[in-house]
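Taking it in order: structure first as structure tokens, then the write-up.
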Amino acid sequence: MRSPSPRHRGRWRLTLDGRTGPLDDLVGQAVVVAAAVDPSEVLSDGQVAPLRALGAVLLHVTDRALLPPDHVGVVIRPDHHLFAAAATPADLAGAVADLLAQLPEPAAVAMERR
């Protein structure tokens, strides 16, 4: 995430990968891990790999006004609801671990189309 743009209809407009708009429009239906620190530097490789496989978006937020007060990061579900707010980088890693533990295992058997 680069920087926030002015608010538009009550939602922050952000610039991500050269596109500007509300966060939910920019990321679609993806898990979002947004933090005042680079999430890929806080999370373990064992957390980053499955997040990337899910198509999750890891955002380094440069404007703390976009995060809850006294928190370093958030985990947002694909339906755009808050999964967790983290007060410390360790809490962020713990929230991601909780999220990954709740996800179903990938299907091992391909289903035949009818």
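Following the order of the structure tokens, chains are lettered A, B, ..., residues in each are numbered from 1, and ligands are numbered from 1.
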Among region 30-64 of chain A, which residues carry a DSSP assignment of alpha helix (DSSP H), reported as a VMD selection string?
chain A and resid 39 to 42 45 to 54
Taking the chain letters and numbering used in this document, name the residues of region 10-110 of chain A that DSSP puts in strand (DSSP E or B), as a PyMOL selection string.
chain A and resi 11-16+19-22+32-35+57-60+73-76+82-86
Contacts of Gly73 (chain A) at 9 Å (only C-alpha atoms; same-chain gap of 6+ positions) as a ChimeraX atom specification
/A:33-37,39,61,67,84-89,91-92
Take the residues just selected and output them with N, CA, C and O atoms as a PDB file, in the first residue's frame.
```pdb
ATOM      1  N   VAL A  33      -3.713  -8.947   5.258  1.00  0.00           N
ATOM      2  CA  VAL A  33      -2.919  -8.725   6.466  1.00  0.00           C
ATOM      3  C   VAL A  33      -2.261  -7.374   6.265  1.00  0.00           C
ATOM      4  O   VAL A  33      -1.394  -7.218   5.397  1.00  0.00           O
ATOM      5  N   ALA A  34      -2.707  -6.380   7.018  1.00  0.00           N
ATOM      6  CA  ALA A  34      -2.199  -5.017   6.884  1.00  0.00           C
ATOM      7  C   ALA A  34      -1.563  -4.606   8.201  1.00  0.00           C
ATOM      8  O   ALA A  34      -2.140  -4.820   9.270  1.00  0.00           O
ATOM      9  N   ALA A  35      -0.366  -4.016   8.110  1.00  0.00           N
ATOM     10  CA  ALA A  35       0.341  -3.662   9.341  1.00  0.00           C
ATOM     11  C   ALA A  35       1.255  -2.464   9.133  1.00  0.00           C
ATOM     12  O   ALA A  35       1.661  -2.167   8.005  1.00  0.00           O
ATOM     13  N   ALA A  36       1.585  -1.817  10.244  1.00  0.00           N
ATOM     14  CA  ALA A  36       2.515  -0.696  10.223  1.00  0.00           C
ATOM     15  C   ALA A  36       3.948  -1.176  10.011  1.00  0.00           C
ATOM     16  O   ALA A  36       4.842  -0.371   9.792  1.00  0.00           O
ATOM     17  N   VAL A  37       4.142  -2.469  10.085  1.00  0.00           N
ATOM     18  CA  VAL A  37       5.422  -3.106   9.758  1.00  0.00           C
ATOM     19  C   VAL A  37       5.158  -4.004   8.554  1.00  0.00           C
ATOM     20  O   VAL A  37       4.021  -4.358   8.280  1.00  0.00           O
ATOM     21  N   PRO A  39       4.370  -7.063   6.847  1.00  0.00           N
ATOM     22  CA  PRO A  39       3.913  -8.362   7.345  1.00  0.00           C
ATOM     23  C   PRO A  39       4.827  -9.520   6.941  1.00  0.00           C
ATOM     24  O   PRO A  39       5.002 -10.458   7.713  1.00  0.00           O
ATOM     25  N   VAL A  61       1.299  -0.796   5.770  1.00  0.00           N
ATOM     26  CA  VAL A  61       0.538   0.446   5.869  1.00  0.00           C
ATOM     27  C   VAL A  61       1.462   1.571   6.306  1.00  0.00           C
ATOM     28  O   VAL A  61       2.112   1.466   7.353  1.00  0.00           O
ATOM     29  N   LEU A  67      -5.181   2.176  10.756  1.00  0.00           N
ATOM     30  CA  LEU A  67      -5.236   1.052  11.694  1.00  0.00           C
ATOM     31  C   LEU A  67      -5.966   1.482  12.963  1.00  0.00           C
ATOM     32  O   LEU A  67      -6.009   2.658  13.287  1.00  0.00           O
ATOM     33  N   ALA A  84      -9.063 -10.007  13.154  1.00  0.00           N
ATOM     34  CA  ALA A  84      -8.299  -9.705  14.371  1.00  0.00           C
ATOM     35  C   ALA A  84      -7.581  -8.373  14.216  1.00  0.00           C
ATOM     36  O   ALA A  84      -7.191  -7.991  13.113  1.00  0.00           O
ATOM     37  N   ALA A  85      -7.397  -7.709  15.339  1.00  0.00           N
ATOM     38  CA  ALA A  85      -6.553  -6.522  15.413  1.00  0.00           C
ATOM     39  C   ALA A  85      -5.407  -6.867  16.366  1.00  0.00           C
ATOM     40  O   ALA A  85      -5.637  -7.461  17.416  1.00  0.00           O
ATOM     41  N   ALA A  86      -4.198  -6.528  15.975  1.00  0.00           N
ATOM     42  CA  ALA A  86      -3.014  -6.936  16.735  1.00  0.00           C
ATOM     43  C   ALA A  86      -2.303  -5.723  17.326  1.00  0.00           C
ATOM     44  O   ALA A  86      -1.987  -4.777  16.607  1.00  0.00           O
ATOM     45  N   ALA A  87      -2.028  -5.792  18.623  1.00  0.00           N
ATOM     46  CA  ALA A  87      -1.333  -4.701  19.308  1.00  0.00           C
ATOM     47  C   ALA A  87       0.177  -4.744  19.079  1.00  0.00           C
ATOM     48  O   ALA A  87       0.843  -3.723  19.152  1.00  0.00           O
ATOM     49  N   THR A  88       0.702  -5.937  18.797  1.00  0.00           N
ATOM     50  CA  THR A  88       2.148  -6.098  18.594  1.00  0.00           C
ATOM     51  C   THR A  88       2.394  -6.973  17.370  1.00  0.00           C
ATOM     52  O   THR A  88       1.495  -7.709  16.931  1.00  0.00           O
ATOM     53  N   PRO A  89       3.607  -6.942  16.819  1.00  0.00           N
ATOM     54  CA  PRO A  89       3.919  -7.851  15.709  1.00  0.00           C
ATOM     55  C   PRO A  89       3.714  -9.327  16.084  1.00  0.00           C
ATOM     56  O   PRO A  89       3.234 -10.108  15.262  1.00  0.00           O
ATOM     57  N   ASP A  91       1.503 -10.467  18.153  1.00  0.00           N
ATOM     58  CA  ASP A  91       0.057 -10.687  18.122  1.00  0.00           C
ATOM     59  C   ASP A  91      -0.432 -10.870  16.686  1.00  0.00           C
ATOM     60  O   ASP A  91      -1.341 -11.663  16.428  1.00  0.00           O
ATOM     61  N   LEU A  92       0.166 -10.141  15.748  1.00  0.00           N
ATOM     62  CA  LEU A  92      -0.208 -10.276  14.343  1.00  0.00           C
ATOM     63  C   LEU A  92       0.106 -11.685  13.844  1.00  0.00           C
ATOM     64  O   LEU A  92      -0.727 -12.328  13.203  1.00  0.00           O
TER      65      LEU A  92
END
```
So the first atom is CA of Ala93 (chain A) and the second is CA of Val72 (chain A); what is the distance between them in Å, to one decimal place?
11.2 Å
Calculated over only C-alpha atoms, which of the candidates A:Pro78, A:Pro104, A:Gly94, A:Pro69 has the smallest distance to Leu23 (chain A)?
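Distance minimum relative to Leu23 (chain A) lands on A:Pro78.
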Which value, in Å to one decimal, gives the distance between CA of Ala65 (chain A) and CA of Asp24 (chain A)?
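Pair CA of Ala65 (chain A) / CA of Asp24 (chain A) returns 17.1 Å.
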Residue neighbourhood Asp25 (chain A), 12 Å, only C-alpha atoms, exclusion window fewer than 6 positions, as a VMD selection string:
chain A and resid 11 to 16 19 78 to 80
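Closest approach to Val42 (chain A) among A:Ala90, A:Leu103, A:Ala97, A:Gly28 is made by A:Ala90 (distances from only C-alpha atoms).
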Can you tell me, as a list in words, what residues are no more than 8 Å from Arg77 (chain A) when counting only C-alpha atoms, ignoring any on the same chain fewer than 2 positions away?
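Once the nearby chain positions are removed, what remains is Ala30, Val31, Val32, Val75, Asp79, His80, His81, Leu82 and Phe83 of chain A.
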Just N, CA and C atoms for this one: save the residues we selected as an mmCIF file, in the first residue's frame.
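out-v2.cif was written with the following content:
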```cif
data_model
loop_
_atom_site.group_PDB
_atom_site.id
_atom_site.type_symbol
_atom_site.label_atom_id
_atom_site.label_comp_id
_atom_site.auth_asym_id
_atom_site.auth_seq_id
_atom_site.Cartn_x
_atom_site.Cartn_y
_atom_site.Cartn_z
ATOM 1 N N ALA A 30 -10.207 -11.357 -0.818
ATOM 2 C CA ALA A 30 -8.955 -11.970 -0.367
ATOM 3 C C ALA A 30 -8.765 -11.690 1.110
ATOM 4 N N VAL A 31 -8.028 -12.563 1.761
ATOM 5 C CA VAL A 31 -7.568 -12.278 3.121
ATOM 6 C C VAL A 31 -6.577 -11.126 3.006
ATOM 7 N N VAL A 32 -6.656 -10.172 3.919
ATOM 8 C CA VAL A 32 -5.728 -9.043 3.940
ATOM 9 C C VAL A 32 -5.032 -9.017 5.296
ATOM 10 N N VAL A 75 -5.992 -8.296 10.562
ATOM 11 C CA VAL A 75 -6.248 -9.374 9.615
ATOM 12 C C VAL A 75 -7.712 -9.232 9.218
ATOM 13 N N ASP A 79 -14.549 -11.664 3.366
ATOM 14 C CA ASP A 79 -15.843 -10.972 3.306
ATOM 15 C C ASP A 79 -15.728 -9.543 3.835
ATOM 16 N N HIS A 80 -14.503 -9.074 4.028
ATOM 17 C CA HIS A 80 -14.165 -7.701 4.431
ATOM 18 C C HIS A 80 -14.485 -7.390 5.886
ATOM 19 N N HIS A 81 -14.730 -8.418 6.700
ATOM 20 C CA HIS A 81 -14.935 -8.213 8.131
ATOM 21 C C HIS A 81 -13.603 -8.410 8.849
ATOM 22 N N LEU A 82 -13.443 -7.697 9.938
ATOM 23 C CA LEU A 82 -12.218 -7.795 10.732
ATOM 24 C C LEU A 82 -12.137 -9.164 11.409
ATOM 25 N N PHE A 83 -11.046 -9.872 11.186
ATOM 26 C CA PHE A 83 -10.802 -11.144 11.868
ATOM 27 C C PHE A 83 -10.082 -10.880 13.182
#
```
